[in-house]
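Below is one structure, written out as structure tokens, with a few remarks after it.
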Amino acid sequence: MHGEESLLQDIGLSIIFATVLSHIARVLKQPLILGYIIGGAILGKEMGFELVTNEASIELISEIGLILLLFIIGLEINLAELAKMGKAMFTLGILQFTLSVAFVYSVFPFFGLSIGSEKFDLLYIAVALSLSSTLIVVKLLQDKVEINTLSGKLTVGVLVFQDIWAILFMGVQPNLNNPEILKILTSVGIIVLLIAFSFSVSRYVLAKLYKACASSPELILLTSIMWCFLVCGIAGEAGLSKEMGALVAGMSIAAFPYGADVISKLIGIRDFFVTLFFVALGLKVPLPSLEVIGLSAAIIALMLFVRMITIAPVIIKLNKGVRNGFLTALNLAQISEFSLVILALGAGFEHITPKLQAVILTSTIIASILSTYIIMYNHNIAATFERLLARVGISDQTEESGNDDKAGHGGHGGHGGHGDGMVRDIIVLGYFRIARAFVEYLEDLSPSLIKRIIIADYNPAFKDELTNKGFQWAYADLAHPDSLSHIGLHDASMVICTISDSFLKGTNNNRLLSTLSKLAPNAKIILTSDEPGEAKKLVADGAQKVIIPGVITGEFLYDYISRGMRNNE
């Protein structure tokens with residue numbers, strides 16, 4: 001009975017301290033995972049007040065949390081969506097991990113850093129530094145409303161591939177001590193059989209069970225957890241890790257239409273066990289010495305360098321844009337919670353030294369703090385790298401687009417042409433939601449107006465799409481006035497920016513209005529704002545008109561409902 005009370009007390013203390021510290025992290029605009037780990041550190045005997053000392057309780061909490069965490073990660077790996085990402089995403093996903101592991105494995109020994117004497121320490125370092133944090137990245141990109149931008153999609157795609165690489169590594173982990181080809185192939189074969197079994201049962205049995213209990217959320221939840229632990233047990237009996245079974249169980253549910261419903265039911269329990277897992281990690285954090293902090297700083301510097309050289313060049317080579325290359329690399333500049341999972345398993349297999357685990361955990365905590373600010377200012381940092389590359393002739397403004405600009409904005413009064421003598425005097429800045437809807441309307445209702453329009457955006461991925469429709473595309477970074485001067489603003493009759501401050505990066509509509517007033521003195525300037533008060537100020541400062549999306553939507557709804565009521569009278 002005493003043991004049960006101890007376990008209950010330990011779980012209670014873990015939740016209390018994790019909650020308090022995560023609130024502090026939120027106020028300081030840090031990732032919540034940091035609060036969980038620090039909460040665990042305060043509870044533990046290594047750095048804290050020894051409030052949780054029962055090793056059995058700690059291990060039990062950690063194992064349950066780890067299994068549920070990996071089950072949920074598996075639920076979020078949708079293989080069907082992965083297949084839709086195209087060859088470019090597959091190329092990036094494959095090269096990022098393999099190049100990272102190869103580079104770290106080859107270069108790290110030359111640093112002369114002493115971390116451990118186990119023969120697999122270097123391999124685990126290479127793998128750990130090649131994985132980024134899904135929890136941190138997705139949360140921060142959602143907060144910045146960048147998850148659906150091209151760089152956001154590239155970032156999430158890389159994260160999905162990293163999870164798959166981590167799964168493959170976990171599959172061979174148990175056999176690293178005896179790395180015989182036959183044993184490794186046997187493990188891979190067992191994994192394939194487990195996946196085939198899980199997907200078959202999920203499709204033909206679980207689908208019917210979920211349909212039968214669709215009206216009972218608690219039964220859906222229990223069925224999902226039952227499936228998770230059942231596959232974990234089968235994996236354990238087959239010689240694989242239980243954690244591998246949890247991943248496969250999650251993936252088998254995610255592959256089918258009811259996967260989204262299961263995820264929605266598991267959100268609460270996911271957060272609970274994610275919290276317990278990271279608290280349990282914090283309980284094991286040793287008091288960091290100057291040596292450990294120094295090693296962690298070196299590892300973080302190496303990780304940042306590796307992200308830049310393995311992601312940005314590949315994206316640039318795939319013609320996805322210089323800016324998008326650096327943005328994606330910056331978004332992924334942290335160490336994954338999956339790396340901590342792999343290290344925890346490696347410690348259990350006695351593959352690595354405790355010192356290595358402590359160094360990587362310390363590096364993860366420091367990198368998570370640093371990454372928050374890197375993502376917060378990712379556009380400013382990326383713009384700096386972009387300007388540096390432009391000096392050596394590498395930029396999003398290709399030679400072809402440069403020639404278009406010269407032909408379009410010089411000679412005949414500075415206005416653009418399209419080979420038919422038509423003057424391009426309407427400039428749309430940014431190709432985002434409203435601009436895309438505007439383009440669709442023009443295609444359907446006013447094709448002749450297309451020949452008067454230049455669409456200026458920093459993302460070259462849209463160039464072919466727009467030029468094929470008859471528009472002229474020009475490179476422009478709204479945050480930097482010097483990039484706007486070449487697109488013919490001086491002689492434009494109308495300049496339209498359909499992006500509000502919520503989505504503008506590195507500038508705002510006030511500063512943009514000031515810049516446009518100088519570069520396009522004779523043009524009518526139309527801007528976009530989310531707030532009516534801000535819209536009035538922009539008009540007072542010289543804007544011809546300000547679009548307020550919320551007001552337009554409200555007017556549409558009122559007119560639609562009013563017409564419907566009149567028709568029913």
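To be explicit about the labels: the chains of the structure tokens are called A, B, and onward in the order shown, and within each one the residues are counted from 1, while ligands get numbers from 1 in the order they are shown.
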Within 8 Å of region 198-200 of chain A, counting only C-alpha atoms, which residues show up once you throw out same-chain ones fewer than 5 positions away? Write them as a PDB file with N, CA, C and O atoms, in the first residue's frame, please.
ATOM      1  N   VAL A 205     -10.538  -4.710 -38.702  1.00  0.00           N
ATOM      2  CA  VAL A 205     -11.137  -4.991 -37.396  1.00  0.00           C
ATOM      3  C   VAL A 205     -11.395  -3.695 -36.626  1.00  0.00           C
ATOM      4  O   VAL A 205     -12.520  -3.423 -36.207  1.00  0.00           O
ATOM      5  N   VAL A 231      -0.177  -3.968 -29.368  1.00  0.00           N
ATOM      6  CA  VAL A 231       0.918  -3.999 -30.346  1.00  0.00           C
ATOM      7  C   VAL A 231       2.261  -3.894 -29.634  1.00  0.00           C
ATOM      8  O   VAL A 231       3.249  -4.516 -30.046  1.00  0.00           O
ATOM      9  N   VAL A 248       4.252   1.922 -34.303  1.00  0.00           N
ATOM     10  CA  VAL A 248       3.548   1.194 -35.367  1.00  0.00           C
ATOM     11  C   VAL A 248       2.048   1.216 -35.114  1.00  0.00           C
ATOM     12  O   VAL A 248       1.247   1.398 -36.042  1.00  0.00           O
ATOM     13  N   ALA A 249       1.641   1.067 -33.859  1.00  0.00           N
ATOM     14  CA  ALA A 249       0.213   1.103 -33.519  1.00  0.00           C
ATOM     15  C   ALA A 249      -0.392   2.443 -33.909  1.00  0.00           C
ATOM     16  O   ALA A 249      -1.492   2.505 -34.483  1.00  0.00           O
ATOM     17  N   SER A 252      -0.658   2.817 -37.753  1.00  0.00           N
ATOM     18  CA  SER A 252      -1.699   1.979 -38.360  1.00  0.00           C
ATOM     19  C   SER A 252      -3.081   2.612 -38.227  1.00  0.00           C
ATOM     20  O   SER A 252      -3.951   2.383 -39.056  1.00  0.00           O
ATOM     21  N   ILE A 253      -3.288   3.414 -37.190  1.00  0.00           N
ATOM     22  CA  ILE A 253      -4.556   4.117 -37.038  1.00  0.00           C
ATOM     23  C   ILE A 253      -4.583   5.367 -37.912  1.00  0.00           C
ATOM     24  O   ILE A 253      -5.587   5.680 -38.554  1.00  0.00           O
TER      25      ILE A 253
END
Report task. Write out as a PyMOL selection string the residues lying within 10 Å of Tyr105 (chain A), counting only C-alpha atoms and excluding same-chain residues fewer than 3 positions away. Result -> chain A and resi 99-102+108-109+122-127
Write out as a PDB file with N, CA, C and O atoms, in the first residue's frame the residues lying within 7 Å of region 466-473 of chain A, counting only C-alpha atoms and excluding same-chain residues fewer than 6 positions away.
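The new file selection-v9.pdb reads:
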ATOM      1  N   ILE A 450      -5.650  41.225 -66.584  1.00  0.00           N
ATOM      2  CA  ILE A 450      -4.457  40.467 -66.191  1.00  0.00           C
ATOM      3  C   ILE A 450      -3.197  41.071 -66.800  1.00  0.00           C
ATOM      4  O   ILE A 450      -2.140  41.114 -66.169  1.00  0.00           O
ATOM      5  N   LYS A 451      -3.321  41.591 -68.055  1.00  0.00           N
ATOM      6  CA  LYS A 451      -2.153  42.103 -68.763  1.00  0.00           C
ATOM      7  C   LYS A 451      -1.652  43.438 -68.208  1.00  0.00           C
ATOM      8  O   LYS A 451      -0.626  43.948 -68.650  1.00  0.00           O
ATOM      9  N   ILE A 453      -1.230  43.757 -64.815  1.00  0.00           N
ATOM     10  CA  ILE A 453      -0.871  43.494 -63.423  1.00  0.00           C
ATOM     11  C   ILE A 453       0.498  42.830 -63.272  1.00  0.00           C
ATOM     12  O   ILE A 453       0.836  41.892 -63.999  1.00  0.00           O
ATOM     13  N   ILE A 454       1.263  43.337 -62.316  1.00  0.00           N
ATOM     14  CA  ILE A 454       2.497  42.705 -61.857  1.00  0.00           C
ATOM     15  C   ILE A 454       2.247  42.209 -60.430  1.00  0.00           C
ATOM     16  O   ILE A 454       1.731  42.960 -59.599  1.00  0.00           O
ATOM     17  N   ILE A 455       2.579  40.967 -60.177  1.00  0.00           N
ATOM     18  CA  ILE A 455       2.481  40.443 -58.815  1.00  0.00           C
ATOM     19  C   ILE A 455       3.892  40.275 -58.269  1.00  0.00           C
ATOM     20  O   ILE A 455       4.705  39.528 -58.824  1.00  0.00           O
ATOM     21  N   ALA A 456       4.187  41.003 -57.214  1.00  0.00           N
ATOM     22  CA  ALA A 456       5.532  41.006 -56.628  1.00  0.00           C
ATOM     23  C   ALA A 456       5.526  40.220 -55.326  1.00  0.00           C
ATOM     24  O   ALA A 456       4.733  40.505 -54.423  1.00  0.00           O
TER      25      ALA A 456
END
DSSP on the backbone, then: every residue of region 345-526 of chain A marked strand (DSSP E), written as a PDB file with all heavy atoms, in the first residue's frame.
ATOM      1  N   ILE A 426      -0.548  48.213 -62.622  1.00  0.00           N
ATOM      2  CA  ILE A 426      -1.159  47.817 -61.347  1.00  0.00           C
ATOM      3  C   ILE A 426      -0.242  46.788 -60.697  1.00  0.00           C
ATOM      4  O   ILE A 426       0.047  45.744 -61.290  1.00  0.00           O
ATOM      5  CB  ILE A 426      -2.562  47.222 -61.560  1.00  0.00           C
ATOM      6  CG1 ILE A 426      -3.475  48.242 -62.237  1.00  0.00           C
ATOM      7  CG2 ILE A 426      -3.152  46.768 -60.214  1.00  0.00           C
ATOM      8  CD1 ILE A 426      -4.827  47.677 -62.639  1.00  0.00           C
ATOM      9  N   ILE A 427       0.229  47.097 -59.507  1.00  0.00           N
ATOM     10  CA  ILE A 427       1.187  46.215 -58.835  1.00  0.00           C
ATOM     11  C   ILE A 427       0.560  45.664 -57.563  1.00  0.00           C
ATOM     12  O   ILE A 427       0.085  46.425 -56.706  1.00  0.00           O
ATOM     13  CB  ILE A 427       2.490  46.959 -58.509  1.00  0.00           C
ATOM     14  CG1 ILE A 427       3.146  47.445 -59.806  1.00  0.00           C
ATOM     15  CG2 ILE A 427       3.451  46.058 -57.729  1.00  0.00           C
ATOM     16  CD1 ILE A 427       4.412  48.246 -59.596  1.00  0.00           C
ATOM     17  N   VAL A 428       0.521  44.347 -57.460  1.00  0.00           N
ATOM     18  CA  VAL A 428       0.012  43.661 -56.268  1.00  0.00           C
ATOM     19  C   VAL A 428       1.206  43.152 -55.475  1.00  0.00           C
ATOM     20  O   VAL A 428       2.007  42.361 -55.989  1.00  0.00           O
ATOM     21  CB  VAL A 428      -0.918  42.489 -56.649  1.00  0.00           C
ATOM     22  CG1 VAL A 428      -1.395  41.759 -55.393  1.00  0.00           C
ATOM     23  CG2 VAL A 428      -2.108  42.997 -57.453  1.00  0.00           C
ATOM     24  N   LEU A 429       1.342  43.603 -54.249  1.00  0.00           N
ATOM     25  CA  LEU A 429       2.465  43.204 -53.398  1.00  0.00           C
ATOM     26  C   LEU A 429       2.074  42.022 -52.526  1.00  0.00           C
ATOM     27  O   LEU A 429       1.152  42.123 -51.714  1.00  0.00           O
ATOM     28  CB  LEU A 429       2.892  44.383 -52.514  1.00  0.00           C
ATOM     29  CG  LEU A 429       3.344  45.647 -53.242  1.00  0.00           C
ATOM     30  CD1 LEU A 429       3.663  46.745 -52.240  1.00  0.00           C
ATOM     31  CD2 LEU A 429       4.556  45.365 -54.118  1.00  0.00           C
ATOM     32  N   ILE A 453      -1.230  43.757 -64.815  1.00  0.00           N
ATOM     33  CA  ILE A 453      -0.871  43.494 -63.423  1.00  0.00           C
ATOM     34  C   ILE A 453       0.498  42.830 -63.272  1.00  0.00           C
ATOM     35  O   ILE A 453       0.836  41.892 -63.999  1.00  0.00           O
ATOM     36  CB  ILE A 453      -1.959  42.609 -62.758  1.00  0.00           C
ATOM     37  CG1 ILE A 453      -3.265  43.412 -62.648  1.00  0.00           C
ATOM     38  CG2 ILE A 453      -1.521  42.136 -61.369  1.00  0.00           C
ATOM     39  CD1 ILE A 453      -4.417  42.618 -62.092  1.00  0.00           C
ATOM     40  N   ILE A 454       1.263  43.337 -62.316  1.00  0.00           N
ATOM     41  CA  ILE A 454       2.497  42.705 -61.857  1.00  0.00           C
ATOM     42  C   ILE A 454       2.247  42.209 -60.430  1.00  0.00           C
ATOM     43  O   ILE A 454       1.731  42.960 -59.599  1.00  0.00           O
ATOM     44  CB  ILE A 454       3.676  43.706 -61.831  1.00  0.00           C
ATOM     45  CG1 ILE A 454       3.962  44.242 -63.232  1.00  0.00           C
ATOM     46  CG2 ILE A 454       4.929  43.058 -61.242  1.00  0.00           C
ATOM     47  CD1 ILE A 454       4.948  45.405 -63.240  1.00  0.00           C
ATOM     48  N   ILE A 455       2.579  40.967 -60.177  1.00  0.00           N
ATOM     49  CA  ILE A 455       2.481  40.443 -58.815  1.00  0.00           C
ATOM     50  C   ILE A 455       3.892  40.275 -58.269  1.00  0.00           C
ATOM     51  O   ILE A 455       4.705  39.528 -58.824  1.00  0.00           O
ATOM     52  CB  ILE A 455       1.714  39.110 -58.784  1.00  0.00           C
ATOM     53  CG1 ILE A 455       0.271  39.345 -59.224  1.00  0.00           C
ATOM     54  CG2 ILE A 455       1.755  38.500 -57.382  1.00  0.00           C
ATOM     55  CD1 ILE A 455      -0.606  38.125 -59.222  1.00  0.00           C
ATOM     56  N   ALA A 456       4.187  41.003 -57.214  1.00  0.00           N
ATOM     57  CA  ALA A 456       5.532  41.006 -56.628  1.00  0.00           C
ATOM     58  C   ALA A 456       5.526  40.220 -55.326  1.00  0.00           C
ATOM     59  O   ALA A 456       4.733  40.505 -54.423  1.00  0.00           O
ATOM     60  CB  ALA A 456       5.995  42.436 -56.381  1.00  0.00           C
ATOM     61  N   ASP A 457       6.404  39.224 -55.233  1.00  0.00           N
ATOM     62  CA  ASP A 457       6.440  38.360 -54.052  1.00  0.00           C
ATOM     63  C   ASP A 457       7.860  37.827 -53.902  1.00  0.00           C
ATOM     64  O   ASP A 457       8.620  37.770 -54.879  1.00  0.00           O
ATOM     65  CB  ASP A 457       5.442  37.208 -54.218  1.00  0.00           C
ATOM     66  CG  ASP A 457       5.214  36.451 -52.913  1.00  0.00           C
ATOM     67  OD1 ASP A 457       4.422  36.928 -52.089  1.00  0.00           O
ATOM     68  OD2 ASP A 457       5.825  35.389 -52.729  1.00  0.00           O
ATOM     69  N   GLN A 472       2.622  39.060 -64.733  1.00  0.00           N
ATOM     70  CA  GLN A 472       4.072  39.177 -64.641  1.00  0.00           C
ATOM     71  C   GLN A 472       4.461  39.039 -63.174  1.00  0.00           C
ATOM     72  O   GLN A 472       3.881  39.704 -62.313  1.00  0.00           O
ATOM     73  CB  GLN A 472       4.568  40.509 -65.193  1.00  0.00           C
ATOM     74  CG  GLN A 472       6.095  40.634 -65.129  1.00  0.00           C
ATOM     75  CD  GLN A 472       6.605  41.874 -65.828  1.00  0.00           C
ATOM     76  OE1 GLN A 472       6.165  42.188 -66.923  1.00  0.00           O
ATOM     77  NE2 GLN A 472       7.521  42.578 -65.191  1.00  0.00           N
ATOM     78  N   TRP A 473       5.414  38.176 -62.901  1.00  0.00           N
ATOM     79  CA  TRP A 473       5.920  37.989 -61.532  1.00  0.00           C
ATOM     80  C   TRP A 473       7.220  38.749 -61.381  1.00  0.00           C
ATOM     81  O   TRP A 473       8.048  38.783 -62.299  1.00  0.00           O
ATOM     82  CB  TRP A 473       6.162  36.506 -61.266  1.00  0.00           C
ATOM     83  CG  TRP A 473       6.707  36.226 -59.881  1.00  0.00           C
ATOM     84  CD1 TRP A 473       5.988  35.996 -58.754  1.00  0.00           C
ATOM     85  CD2 TRP A 473       8.085  36.133 -59.497  1.00  0.00           C
ATOM     86  NE1 TRP A 473       6.819  35.762 -57.684  1.00  0.00           N
ATOM     87  CE2 TRP A 473       8.115  35.850 -58.112  1.00  0.00           C
ATOM     88  CE3 TRP A 473       9.301  36.280 -60.163  1.00  0.00           C
ATOM     89  CZ2 TRP A 473       9.306  35.694 -57.397  1.00  0.00           C
ATOM     90  CZ3 TRP A 473      10.495  36.137 -59.464  1.00  0.00           C
ATOM     91  CH2 TRP A 473      10.484  35.838 -58.095  1.00  0.00           C
ATOM     92  N   ALA A 474       7.391  39.386 -60.225  1.00  0.00           N
ATOM     93  CA  ALA A 474       8.645  40.083 -59.934  1.00  0.00           C
ATOM     94  C   ALA A 474       9.051  39.767 -58.504  1.00  0.00           C
ATOM     95  O   ALA A 474       8.190  39.637 -57.623  1.00  0.00           O
ATOM     96  CB  ALA A 474       8.491  41.585 -60.119  1.00  0.00           C
ATOM     97  N   TYR A 475      10.343  39.654 -58.302  1.00  0.00           N
ATOM     98  CA  TYR A 475      10.827  39.391 -56.937  1.00  0.00           C
ATOM     99  C   TYR A 475      10.751  40.668 -56.107  1.00  0.00           C
ATOM    100  O   TYR A 475      11.155  41.750 -56.541  1.00  0.00           O
ATOM    101  CB  TYR A 475      12.274  38.908 -56.958  1.00  0.00           C
ATOM    102  CG  TYR A 475      12.853  38.786 -55.559  1.00  0.00           C
ATOM    103  CD1 TYR A 475      12.554  37.686 -54.773  1.00  0.00           C
ATOM    104  CD2 TYR A 475      13.648  39.792 -55.034  1.00  0.00           C
ATOM    105  CE1 TYR A 475      13.048  37.579 -53.485  1.00  0.00           C
ATOM    106  CE2 TYR A 475      14.151  39.705 -53.738  1.00  0.00           C
ATOM    107  CZ  TYR A 475      13.843  38.594 -52.969  1.00  0.00           C
ATOM    108  OH  TYR A 475      14.323  38.498 -51.685  1.00  0.00           O
ATOM    109  N   MET A 494      -1.572  52.168 -59.557  1.00  0.00           N
ATOM    110  CA  MET A 494      -2.195  51.591 -58.367  1.00  0.00           C
ATOM    111  C   MET A 494      -1.262  50.547 -57.763  1.00  0.00           C
ATOM    112  O   MET A 494      -0.698  49.719 -58.484  1.00  0.00           O
ATOM    113  CB  MET A 494      -3.540  50.950 -58.728  1.00  0.00           C
ATOM    114  CG  MET A 494      -4.348  50.446 -57.540  1.00  0.00           C
ATOM    115  SD  MET A 494      -5.966  49.792 -58.055  1.00  0.00           S
ATOM    116  CE  MET A 494      -6.746  51.296 -58.669  1.00  0.00           C
ATOM    117  N   VAL A 495      -1.093  50.607 -56.444  1.00  0.00           N
ATOM    118  CA  VAL A 495      -0.295  49.616 -55.721  1.00  0.00           C
ATOM    119  C   VAL A 495      -1.179  49.015 -54.635  1.00  0.00           C
ATOM    120  O   VAL A 495      -1.771  49.752 -53.828  1.00  0.00           O
ATOM    121  CB  VAL A 495       0.964  50.240 -55.086  1.00  0.00           C
ATOM    122  CG1 VAL A 495       1.785  49.159 -54.383  1.00  0.00           C
ATOM    123  CG2 VAL A 495       1.803  50.923 -56.147  1.00  0.00           C
ATOM    124  N   ILE A 496      -1.275  47.691 -54.628  1.00  0.00           N
ATOM    125  CA  ILE A 496      -2.188  46.999 -53.708  1.00  0.00           C
ATOM    126  C   ILE A 496      -1.395  46.021 -52.851  1.00  0.00           C
ATOM    127  O   ILE A 496      -0.654  45.184 -53.373  1.00  0.00           O
ATOM    128  CB  ILE A 496      -3.268  46.216 -54.493  1.00  0.00           C
ATOM    129  CG1 ILE A 496      -3.996  47.137 -55.470  1.00  0.00           C
ATOM    130  CG2 ILE A 496      -4.247  45.541 -53.544  1.00  0.00           C
ATOM    131  CD1 ILE A 496      -4.838  46.401 -56.494  1.00  0.00           C
ATOM    132  N   CYS A 497      -1.550  46.127 -51.540  1.00  0.00           N
ATOM    133  CA  CYS A 497      -0.998  45.118 -50.634  1.00  0.00           C
ATOM    134  C   CYS A 497      -2.165  44.472 -49.898  1.00  0.00           C
ATOM    135  O   CYS A 497      -2.892  45.139 -49.147  1.00  0.00           O
ATOM    136  CB  CYS A 497      -0.021  45.735 -49.632  1.00  0.00           C
ATOM    137  SG  CYS A 497       0.602  44.515 -48.438  1.00  0.00           S
ATOM    138  N   LYS A 524      -2.365  55.264 -56.536  1.00  0.00           N
ATOM    139  CA  LYS A 524      -3.358  55.040 -55.481  1.00  0.00           C
ATOM    140  C   LYS A 524      -2.893  53.808 -54.687  1.00  0.00           C
ATOM    141  O   LYS A 524      -2.654  52.755 -55.273  1.00  0.00           O
ATOM    142  CB  LYS A 524      -4.730  54.784 -56.092  1.00  0.00           C
ATOM    143  CG  LYS A 524      -5.302  55.980 -56.837  1.00  0.00           C
ATOM    144  CD  LYS A 524      -6.650  55.637 -57.452  1.00  0.00           C
ATOM    145  CE  LYS A 524      -7.219  56.854 -58.185  1.00  0.00           C
ATOM    146  NZ  LYS A 524      -8.520  56.534 -58.832  1.00  0.00           N
ATOM    147  N   ILE A 525      -2.778  53.961 -53.388  1.00  0.00           N
ATOM    148  CA  ILE A 525      -2.247  52.886 -52.548  1.00  0.00           C
ATOM    149  C   ILE A 525      -3.390  52.254 -51.763  1.00  0.00           C
ATOM    150  O   ILE A 525      -4.107  52.946 -51.026  1.00  0.00           O
ATOM    151  CB  ILE A 525      -1.158  53.418 -51.597  1.00  0.00           C
ATOM    152  CG1 ILE A 525       0.005  53.993 -52.406  1.00  0.00           C
ATOM    153  CG2 ILE A 525      -0.671  52.304 -50.677  1.00  0.00           C
ATOM    154  CD1 ILE A 525       1.052  54.699 -51.553  1.00  0.00           C
ATOM    155  N   ILE A 526      -3.550  50.944 -51.946  1.00  0.00           N
ATOM    156  CA  ILE A 526      -4.596  50.194 -51.245  1.00  0.00           C
ATOM    157  C   ILE A 526      -3.911  49.194 -50.309  1.00  0.00           C
ATOM    158  O   ILE A 526      -3.070  48.405 -50.749  1.00  0.00           O
ATOM    159  CB  ILE A 526      -5.505  49.451 -52.245  1.00  0.00           C
ATOM    160  CG1 ILE A 526      -6.178  50.453 -53.177  1.00  0.00           C
ATOM    161  CG2 ILE A 526      -6.553  48.616 -51.517  1.00  0.00           C
ATOM    162  CD1 ILE A 526      -6.967  49.815 -54.303  1.00  0.00           C
TER     163      ILE A 526
END
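If you measure from each of A:Gly93, A:Gly346, A:Gly488, A:Gly74 to Ala128 (chain A) using only C-alpha atoms, the closest one turns out to be A:Gly346.
Among A:Ser395, A:Gln334, A:Ser339, A:Ser368, the residue with the shortest atom-to-atom distance to Gln30 (chain A), counting only C-alpha atoms, is A:Ser368.
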**Report entry** Residue among A:Ile311, A:Leu281, A:Ala344, A:Leu230 lying closest to Ala18 (chain A), counting only C-alpha atoms
**Finding:** A:Leu281
Query - Residue nearest Ser529 (chain A) among A:Phe326, A:Phe503, A:Phe556, A:Tyr431 (counting only C-alpha atoms) - result: A:Phe503
